[in-house]
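Source file protein30.cif; content: mmCIF, C-alpha atoms.
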data_input
loop_
_atom_site.label_atom_id
_atom_site.label_comp_id
_atom_site.auth_asym_id
_atom_site.auth_seq_id
_atom_site.Cartn_x
_atom_site.Cartn_y
_atom_site.Cartn_z
CA MET A 1 32.79 -20.94 -15.39
CA ARG A 2 31.08 -18.72 -12.91
CA GLU A 3 27.64 -19.71 -11.79
CA LYS A 4 25.10 -17.13 -12.83
CA LYS A 5 23.31 -15.82 -9.76
CA SER A 6 19.84 -14.41 -10.03
CA ALA A 7 19.65 -10.79 -8.93
CA VAL A 8 17.99 -10.00 -5.63
CA GLN A 9 14.53 -8.62 -6.27
CA CYS A 10 12.30 -6.29 -4.32
CA ALA A 11 8.92 -7.79 -3.51
CA ILE A 12 7.19 -4.41 -3.68
CA GLU A 13 7.17 -4.78 -7.44
CA GLU A 14 5.60 -8.20 -7.03
CA ALA A 15 2.96 -6.77 -4.71
CA LEU A 16 2.20 -3.77 -6.91
CA SER A 17 1.75 -5.99 -9.95
CA VAL A 18 -1.30 -7.36 -8.09
CA ILE A 19 -2.67 -4.37 -6.18
CA GLY A 20 -0.85 -1.36 -7.66
CA ASP A 21 -3.80 0.42 -9.21
CA ARG A 22 -6.45 2.88 -8.16
CA TRP A 23 -9.15 0.28 -7.39
CA SER A 24 -7.81 -3.05 -6.16
CA LEU A 25 -7.11 -2.00 -2.56
CA LEU A 26 -10.53 -0.33 -2.34
CA ILE A 27 -12.22 -3.52 -3.56
CA ILE A 28 -10.18 -5.53 -1.04
CA ARG A 29 -11.13 -3.13 1.78
CA ASP A 30 -14.81 -3.56 0.92
CA VAL A 31 -14.67 -7.34 0.61
CA LEU A 32 -12.89 -7.55 3.98
CA ARG A 33 -15.67 -5.53 5.61
CA GLY A 34 -18.35 -7.74 4.08
CA VAL A 35 -19.30 -5.79 0.96
CA ASN A 36 -18.82 -8.65 -1.46
CA ARG A 37 -21.53 -8.77 -4.11
CA PHE A 38 -21.00 -7.22 -7.49
CA ASP A 39 -23.89 -4.77 -7.02
CA THR A 40 -23.00 -3.64 -3.51
CA LEU A 41 -19.35 -3.24 -4.53
CA GLN A 42 -20.39 -1.13 -7.50
CA GLU A 43 -22.57 1.05 -5.32
CA SER A 44 -19.94 1.44 -2.61
CA LEU A 45 -17.13 2.30 -5.01
CA GLN A 46 -19.07 4.22 -7.68
CA ILE A 47 -17.10 2.40 -10.31
CA SER A 48 -18.13 1.38 -13.84
CA ARG A 49 -19.32 -2.21 -14.33
CA ASN A 50 -16.55 -2.77 -16.87
CA ILE A 51 -13.73 -1.70 -14.64
CA LEU A 52 -15.16 -3.55 -11.63
CA THR A 53 -15.48 -6.76 -13.69
CA ARG A 54 -11.92 -6.43 -14.90
CA ARG A 55 -10.49 -5.79 -11.43
CA LEU A 56 -12.49 -8.63 -9.83
CA ASN A 57 -11.32 -11.07 -12.51
CA SER A 58 -7.73 -10.06 -12.07
CA LEU A 59 -7.93 -10.34 -8.25
CA GLU A 60 -9.50 -13.77 -8.67
CA GLU A 61 -6.70 -14.83 -11.03
CA ALA A 62 -4.14 -13.62 -8.50
CA GLY A 63 -5.73 -15.79 -5.79
CA VAL A 64 -6.83 -12.78 -3.72
CA LEU A 65 -10.59 -13.35 -4.15
CA VAL A 66 -12.68 -16.48 -4.79
CA LYS A 67 -16.01 -16.31 -6.57
CA ALA A 68 -19.00 -18.37 -5.44
CA PRO A 69 -22.74 -18.24 -6.22
CA VAL A 70 -24.82 -16.26 -3.69
CA SER A 71 -26.78 -19.49 -3.07
CA PRO A 72 -26.39 -22.94 -4.68
CA GLY A 73 -27.22 -22.68 -8.37
CA ALA A 74 -27.76 -18.89 -8.28
CA ARG A 75 -26.40 -16.70 -11.06
CA ARG A 76 -25.37 -13.85 -8.79
CA MET A 77 -21.90 -14.10 -7.36
CA LEU A 78 -20.19 -13.40 -4.05
CA TYR A 79 -16.52 -12.48 -3.93
CA ASN A 80 -14.85 -13.87 -0.84
CA ALA A 81 -11.49 -13.05 0.72
CA THR A 82 -8.77 -15.70 0.61
CA PRO A 83 -5.93 -15.85 3.19
CA LYS A 84 -3.84 -13.97 0.62
CA CYS A 85 -6.45 -11.19 0.72
CA ILE A 86 -6.69 -11.13 4.52
CA ALA A 87 -2.90 -10.83 4.63
CA LEU A 88 -3.23 -7.39 3.00
CA ALA A 89 -4.90 -5.99 6.13
CA PRO A 90 -1.66 -4.46 7.54
CA THR A 91 -1.17 -2.62 4.23
CA LEU A 92 -4.72 -1.26 4.41
CA VAL A 93 -4.33 -0.25 8.06
CA SER A 94 -1.05 1.54 7.35
CA LEU A 95 -2.64 3.43 4.43
CA ILE A 96 -5.63 4.43 6.55
CA GLU A 97 -3.26 5.68 9.25
CA TRP A 98 -1.19 7.61 6.74
CA GLY A 99 -4.18 9.09 4.91
CA THR A 100 -5.80 10.16 8.16
CA HIS A 101 -2.65 11.70 9.60
CA TRP A 102 -1.50 13.56 6.50
CA SER A 103 -4.83 14.57 5.01
CA GLU A 104 -5.36 18.24 4.31
CA LYS A 105 -9.10 18.01 4.95
CA PRO A 106 -9.22 19.07 8.62
CA ASN A 107 -12.99 18.79 9.13
CA THR A 108 -13.36 15.27 7.86
CA ARG A 109 -14.51 12.45 10.13
CA TRP A 110 -12.42 9.44 9.21
CA ALA A 111 -13.33 5.78 9.54
CA ARG A 112 -11.18 4.09 12.20
CA VAL A 113 -9.64 0.64 12.26
CA ILE A 114 -10.70 -1.07 15.47
CA ASP A 115 -10.31 -4.38 17.27
CA LYS A 116 -13.84 -5.73 17.04
CA ARG A 117 -13.49 -7.61 20.32
CA THR A 118 -12.95 -4.38 22.27
CA GLY A 119 -13.92 -1.51 19.95
CA THR A 120 -10.53 0.13 20.54
CA PRO A 121 -8.24 1.46 17.79
CA VAL A 122 -5.61 -0.66 16.06
CA THR A 123 -2.34 0.73 14.74
CA VAL A 124 0.58 -0.59 12.74
CA ASP A 125 4.03 -0.90 14.35
CA LEU A 126 7.44 -1.72 12.95
CA VAL A 127 8.98 -4.39 15.13
CA GLY A 128 12.55 -5.72 15.27
CA LYS A 129 13.75 -9.26 15.91
CA ASP A 130 13.60 -8.73 19.68
CA GLY A 131 9.99 -7.52 19.53
CA GLU A 132 11.02 -3.94 20.24
CA PRO A 133 9.69 -1.06 18.11
CA VAL A 134 11.97 0.12 15.30
CA SER A 135 12.09 3.77 14.25
CA LEU A 136 11.20 4.72 10.68
CA LEU A 137 14.65 6.25 10.43
CA ASP A 138 16.49 3.02 11.25
CA LEU A 139 15.10 1.02 8.33
CA ASP A 140 17.19 -0.20 5.44
CA LEU A 141 16.49 -2.39 2.43
CA GLU A 142 19.12 -5.12 2.09
CA TYR A 143 19.61 -6.40 -1.46
CA MET B 1 -34.28 20.97 11.71
CA ARG B 2 -31.75 18.21 11.84
CA GLU B 3 -28.15 19.21 11.61
CA LYS B 4 -26.58 17.83 8.48
CA LYS B 5 -23.63 15.67 9.39
CA SER B 6 -20.80 15.13 6.96
CA ALA B 7 -20.39 11.49 6.04
CA VAL B 8 -17.54 9.55 7.56
CA GLN B 9 -14.86 8.96 4.96
CA CYS B 10 -12.24 6.28 4.54
CA ALA B 11 -8.70 7.60 4.40
CA ILE B 12 -7.57 4.85 2.06
CA GLU B 13 -9.10 6.81 -0.79
CA GLU B 14 -7.17 9.86 0.37
CA ALA B 15 -3.94 7.83 0.46
CA LEU B 16 -4.52 6.18 -2.91
CA SER B 17 -5.17 9.54 -4.55
CA VAL B 18 -1.49 10.29 -3.77
CA ILE B 19 0.23 6.90 -4.14
CA GLY B 20 -2.34 4.67 -5.86
CA ASP B 21 -0.54 4.06 -9.11
CA ARG B 22 2.03 1.67 -10.48
CA TRP B 23 5.05 3.93 -9.88
CA SER B 24 4.74 6.22 -6.88
CA LEU B 25 5.53 3.65 -4.18
CA LEU B 26 8.53 2.42 -6.19
CA ILE B 27 9.85 5.97 -6.49
CA ILE B 28 9.31 6.47 -2.74
CA ARG B 29 11.10 3.19 -1.95
CA ASP B 30 14.08 4.32 -4.01
CA VAL B 31 14.22 7.84 -2.55
CA LEU B 32 14.08 6.36 0.97
CA ARG B 33 17.07 4.13 0.21
CA GLY B 34 19.04 7.06 -1.18
CA VAL B 35 18.38 6.77 -4.92
CA ASN B 36 17.21 10.32 -5.39
CA ARG B 37 18.54 11.87 -8.61
CA PHE B 38 16.46 11.91 -11.73
CA ASP B 39 19.00 9.80 -13.65
CA THR B 40 19.57 7.17 -10.97
CA LEU B 41 15.82 6.88 -10.41
CA GLN B 42 15.28 6.40 -14.12
CA GLU B 43 17.94 3.71 -14.26
CA SER B 44 16.68 1.92 -11.17
CA LEU B 45 13.03 1.92 -12.25
CA GLN B 46 13.46 1.52 -16.03
CA ILE B 47 10.74 4.11 -16.49
CA SER B 48 10.30 6.65 -19.29
CA ARG B 49 11.51 10.21 -18.63
CA ASN B 50 8.00 11.54 -19.22
CA ILE B 51 6.29 9.32 -16.69
CA LEU B 52 9.06 9.81 -14.13
CA THR B 53 8.82 13.61 -14.50
CA ARG B 54 5.05 13.48 -14.09
CA ARG B 55 5.18 11.24 -11.00
CA LEU B 56 7.97 13.31 -9.36
CA ASN B 57 6.02 16.52 -9.93
CA SER B 58 2.87 15.07 -8.49
CA LEU B 59 4.69 13.67 -5.43
CA GLU B 60 6.29 17.09 -4.93
CA GLU B 61 2.89 18.80 -5.15
CA ALA B 62 1.53 16.34 -2.60
CA GLY B 63 4.34 17.26 -0.17
CA VAL B 64 5.90 13.78 -0.30
CA LEU B 65 9.15 14.88 -1.99
CA VAL B 66 11.10 18.15 -2.02
CA LYS B 67 13.30 19.12 -4.94
CA ALA B 68 16.69 20.77 -4.41
CA PRO B 69 19.69 21.38 -6.68
CA VAL B 70 22.45 18.73 -6.41
CA SER B 71 24.81 21.55 -5.37
CA PRO B 72 24.09 25.30 -4.98
CA GLY B 73 23.26 26.75 -8.39
CA ALA B 74 23.39 23.38 -10.17
CA ARG B 75 20.74 22.48 -12.73
CA ARG B 76 20.51 18.84 -11.75
CA MET B 77 18.05 18.08 -9.01
CA LEU B 78 17.83 15.83 -5.97
CA TYR B 79 14.48 14.60 -4.72
CA ASN B 80 14.45 14.33 -0.95
CA ALA B 81 12.00 12.57 1.36
CA THR B 82 9.78 14.72 3.60
CA PRO B 83 8.35 13.43 6.90
CA LYS B 84 5.15 12.66 4.93
CA CYS B 85 7.29 10.40 2.70
CA ILE B 86 9.12 8.72 5.59
CA ALA B 87 5.71 8.00 7.16
CA LEU B 88 4.97 5.67 4.23
CA ALA B 89 7.66 3.22 5.39
CA PRO B 90 5.19 0.92 7.22
CA THR B 91 3.14 0.65 4.00
CA LEU B 92 6.27 -0.27 2.05
CA VAL B 93 7.37 -2.80 4.66
CA SER B 94 3.94 -4.44 4.71
CA LEU B 95 3.92 -4.69 0.91
CA ILE B 96 7.41 -6.20 0.88
CA GLU B 97 6.30 -8.75 3.48
CA TRP B 98 3.16 -9.59 1.54
CA GLY B 99 4.92 -9.80 -1.84
CA THR B 100 7.66 -12.01 -0.40
CA HIS B 101 5.28 -14.34 1.41
CA TRP B 102 2.72 -14.76 -1.37
CA SER B 103 4.96 -14.68 -4.41
CA GLU B 104 4.78 -17.60 -6.77
CA LYS B 105 8.42 -17.27 -7.77
CA PRO B 106 9.98 -19.79 -5.37
CA ASN B 107 13.60 -19.40 -6.45
CA THR B 108 13.78 -15.65 -6.11
CA ARG B 109 16.08 -14.00 -3.59
CA TRP B 110 14.12 -11.13 -2.09
CA ALA B 111 15.46 -7.92 -0.63
CA ARG B 112 14.83 -7.79 3.16
CA VAL B 113 13.85 -4.88 5.34
CA ILE B 114 16.34 -4.64 8.18
CA ASP B 115 17.08 -2.51 11.22
CA LYS B 116 20.30 -0.82 10.11
CA ARG B 117 21.59 -0.61 13.68
CA THR B 118 21.60 -4.40 14.06
CA GLY B 119 21.20 -5.87 10.56
CA THR B 120 18.22 -7.94 11.76
CA PRO B 121 14.85 -8.17 9.96
CA VAL B 122 11.97 -5.79 10.63
CA THR B 123 8.32 -6.80 10.38
CA VAL B 124 4.99 -5.02 10.61
CA ASP B 125 2.61 -5.81 13.49
CA LEU B 126 -0.98 -4.83 14.19
CA VAL B 127 -1.15 -3.54 17.73
CA GLY B 128 -4.15 -2.78 19.96
CA LYS B 129 -4.57 0.00 22.51
CA ASP B 130 -2.90 -2.10 25.20
CA GLY B 131 0.14 -2.75 23.01
CA GLU B 132 -0.85 -6.37 22.46
CA PRO B 133 -0.86 -7.89 18.95
CA VAL B 134 -4.22 -7.96 17.18
CA SER B 135 -5.16 -10.79 14.82
CA LEU B 136 -5.98 -9.99 11.19
CA LEU B 137 -9.35 -11.62 11.79
CA ASP B 138 -10.32 -9.28 14.64
CA LEU B 139 -10.12 -6.07 12.59
CA ASP B 140 -13.11 -3.94 11.73
CA LEU B 141 -13.53 -0.60 10.00
CA GLU B 142 -15.74 1.73 12.05
CA TYR B 143 -17.55 4.35 9.99
#

Could you show the structure in this file as structure tokens?
Amino acid sequence: MREKKSAVQCAIEEALSVIGDRWSLLIIRDVLRGVNRFDTLQESLQISRNILTRRLNSLEEAGVLVKAPVSPGARRMLYNATPKCIALAPTLVSLIEWGTHWSEKPNTRWARVIDKRTGTPVTVDLVGKDGEPVSLLDLDLEY
Amino acid sequence: MREKKSAVQCAIEEALSVIGDRWSLLIIRDVLRGVNRFDTLQESLQISRNILTRRLNSLEEAGVLVKAPVSPGARRMLYNATPKCIALAPTLVSLIEWGTHWSEKPNTRWARVIDKRTGTPVTVDLVGKDGEPVSLLDLDLEY
């Protein structure tokens, strides 16, 4: 009898099941830059309380955010980034790069990702096993 | 009179207005790996014809895909990647990395991103102005 092998899966689907909607990455961006109370998130994102509540709960369930009272015993909550949340930074940086480069709004001033130690810009690179850059055209997905 | 300055905007919103839904990045992944007919896309993604049609049209409008007949005069269409589409590869790679690393399905075999010239894995790095790696914890978003 042949052993049944599980099919190889693509982790993009896994990732998008957590952050594949219009709001989650924007919430994560804000939390990572220190906007992490319900009220300040709502103001920054101009999002309805209902949708924000739903997205925050689902990000908490997924282990991306952890909720804690603003001060011991307080009713108001802070949403803090977990390591799983911080690990999304390269995705955010690559989307900022892409959106900035390909935008059709020429007169817009775009926020820049910087290294806060030096104030200089940070970019995303594709790197091979030897540490050398890999061209976008040399990529393949191996199933 | 003070000159009115336009507010600085974050390009993530720009990017998510194009690819911030459950399907677009999966379609783009498939087109980039050569799955680019309507029928093969539908089979790969297990998506309804209606939704696939809508997403393909919107990606075409956004300049991410270009439609061309399978052969001259044919009715069946191919969807090809534009440079704007290829430029999303770092986003896809970072999501594959994140999904693979943080998945809670331990026995899954995940597809790997490789350099097709060598067959070795490709990763995404954050790089500063001097070419040196930047830590996730040293990032800031400058408005």

request  = Please provide the set of residues having any atom within 9 Å of stretch 64-74 of chain B, restricted to all atoms listed in the file, with same-chain residues fewer than 5 positions apart removed, written as a list in words.
outcome  = Val18, Ile28, Val31, Arg37, Leu56, Asn57, Ser58, Leu59, Tyr79, Asn80, Ala81, Thr82, Pro83, Lys84, Cys85 and Ile86 of chain B

ask   = On this structure, which residues satisfy the PyMOL selection byres ((chain B) within 6 of (chain A)), written as a PyMOL selection string?
value = chain B and resi 8-12+14-15+20-22+91+94-96+99-100+109-116+122-128+138-143

key: Å distance separating atom CA of B:Val35 from atom CA of B:Pro106, one decimal place   = 27.9 Å

Hits from the PyMOL selection byres ((chain B and resi 52) around 10), listed as a list of chain:residue names =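 Listing what the PyMOL selection byres ((chain B and resi 52) around 10) selects in the shown file: B:Trp23, B:Ser24, B:Ile27, B:Phe38, B:Asp39, B:Leu41, B:Gln42, B:Leu45, B:Gln46, B:Ile47, B:Ser48, B:Arg49, B:Asn50, B:Ile51, B:Thr53, B:Arg54, B:Arg55, B:Leu56, B:Asn57, B:Ser58.
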
request  = Between atom CA of A:Glu61 and atom CA of B:Ser44, measure the distance and give it in Å to one decimal.
outcome  =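 Atom CA of A:Glu61 sits 28.8 Å away from atom CA of B:Ser44.
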
Complete the atoms of stretch 5-16 of chain A to N, CA, C and O atoms and put them out as a PDB file, keeping the file's coordinate frame.
ATOM      1  N   LYS A   5      24.243 -15.989 -10.881  1.00  0.00           N
ATOM      2  CA  LYS A   5      23.310 -15.820  -9.760  1.00  0.00           C
ATOM      3  C   LYS A   5      22.157 -14.929 -10.184  1.00  0.00           C
ATOM      4  O   LYS A   5      22.355 -13.948 -10.894  1.00  0.00           O
ATOM      5  N   SER A   6      20.964 -15.293  -9.735  1.00  0.00           N
ATOM      6  CA  SER A   6      19.840 -14.410 -10.030  1.00  0.00           C
ATOM      7  C   SER A   6      19.952 -13.180  -9.130  1.00  0.00           C
ATOM      8  O   SER A   6      20.380 -13.264  -7.985  1.00  0.00           O
ATOM      9  N   ALA A   7      19.581 -12.032  -9.694  1.00  0.00           N
ATOM     10  CA  ALA A   7      19.650 -10.790  -8.930  1.00  0.00           C
ATOM     11  C   ALA A   7      18.628 -10.827  -7.798  1.00  0.00           C
ATOM     12  O   ALA A   7      17.593 -11.470  -7.913  1.00  0.00           O
ATOM     13  N   VAL A   8      18.950 -10.125  -6.722  1.00  0.00           N
ATOM     14  CA  VAL A   8      17.990 -10.000  -5.630  1.00  0.00           C
ATOM     15  C   VAL A   8      16.879  -9.059  -6.083  1.00  0.00           C
ATOM     16  O   VAL A   8      17.136  -8.018  -6.677  1.00  0.00           O
ATOM     17  N   GLN A   9      15.646  -9.448  -5.833  1.00  0.00           N
ATOM     18  CA  GLN A   9      14.530  -8.620  -6.270  1.00  0.00           C
ATOM     19  C   GLN A   9      13.771  -8.027  -5.093  1.00  0.00           C
ATOM     20  O   GLN A   9      13.798  -8.569  -3.997  1.00  0.00           O
ATOM     21  N   CYS A  10      13.100  -6.923  -5.364  1.00  0.00           N
ATOM     22  CA  CYS A  10      12.300  -6.290  -4.320  1.00  0.00           C
ATOM     23  C   CYS A  10      10.842  -6.705  -4.496  1.00  0.00           C
ATOM     24  O   CYS A  10      10.258  -6.549  -5.561  1.00  0.00           O
ATOM     25  N   ALA A  11      10.271  -7.235  -3.424  1.00  0.00           N
ATOM     26  CA  ALA A  11       8.920  -7.790  -3.510  1.00  0.00           C
ATOM     27  C   ALA A  11       7.840  -6.728  -3.628  1.00  0.00           C
ATOM     28  O   ALA A  11       6.675  -7.048  -3.836  1.00  0.00           O
ATOM     29  N   ILE A  12       8.216  -5.456  -3.479  1.00  0.00           N
ATOM     30  CA  ILE A  12       7.190  -4.410  -3.680  1.00  0.00           C
ATOM     31  C   ILE A  12       6.682  -4.474  -5.112  1.00  0.00           C
ATOM     32  O   ILE A  12       5.483  -4.325  -5.368  1.00  0.00           O
ATOM     33  N   GLU A  13       7.595  -4.708  -6.053  1.00  0.00           N
ATOM     34  CA  GLU A  13       7.170  -4.780  -7.440  1.00  0.00           C
ATOM     35  C   GLU A  13       6.175  -5.926  -7.644  1.00  0.00           C
ATOM     36  O   GLU A  13       5.172  -5.785  -8.350  1.00  0.00           O
ATOM     37  N   GLU A  14       6.488  -7.049  -7.001  1.00  0.00           N
ATOM     38  CA  GLU A  14       5.600  -8.200  -7.030  1.00  0.00           C
ATOM     39  C   GLU A  14       4.209  -7.833  -6.477  1.00  0.00           C
ATOM     40  O   GLU A  14       3.175  -8.135  -7.082  1.00  0.00           O
ATOM     41  N   ALA A  15       4.222  -7.152  -5.343  1.00  0.00           N
ATOM     42  CA  ALA A  15       2.960  -6.770  -4.710  1.00  0.00           C
ATOM     43  C   ALA A  15       2.184  -5.778  -5.579  1.00  0.00           C
ATOM     44  O   ALA A  15       0.975  -5.913  -5.787  1.00  0.00           O
ATOM     45  N   LEU A  16       2.892  -4.787  -6.127  1.00  0.00           N
ATOM     46  CA  LEU A  16       2.200  -3.770  -6.910  1.00  0.00           C
ATOM     47  C   LEU A  16       1.684  -4.320  -8.241  1.00  0.00           C
ATOM     48  O   LEU A  16       0.744  -3.774  -8.817  1.00  0.00           O
TER      49      LEU A  16
END
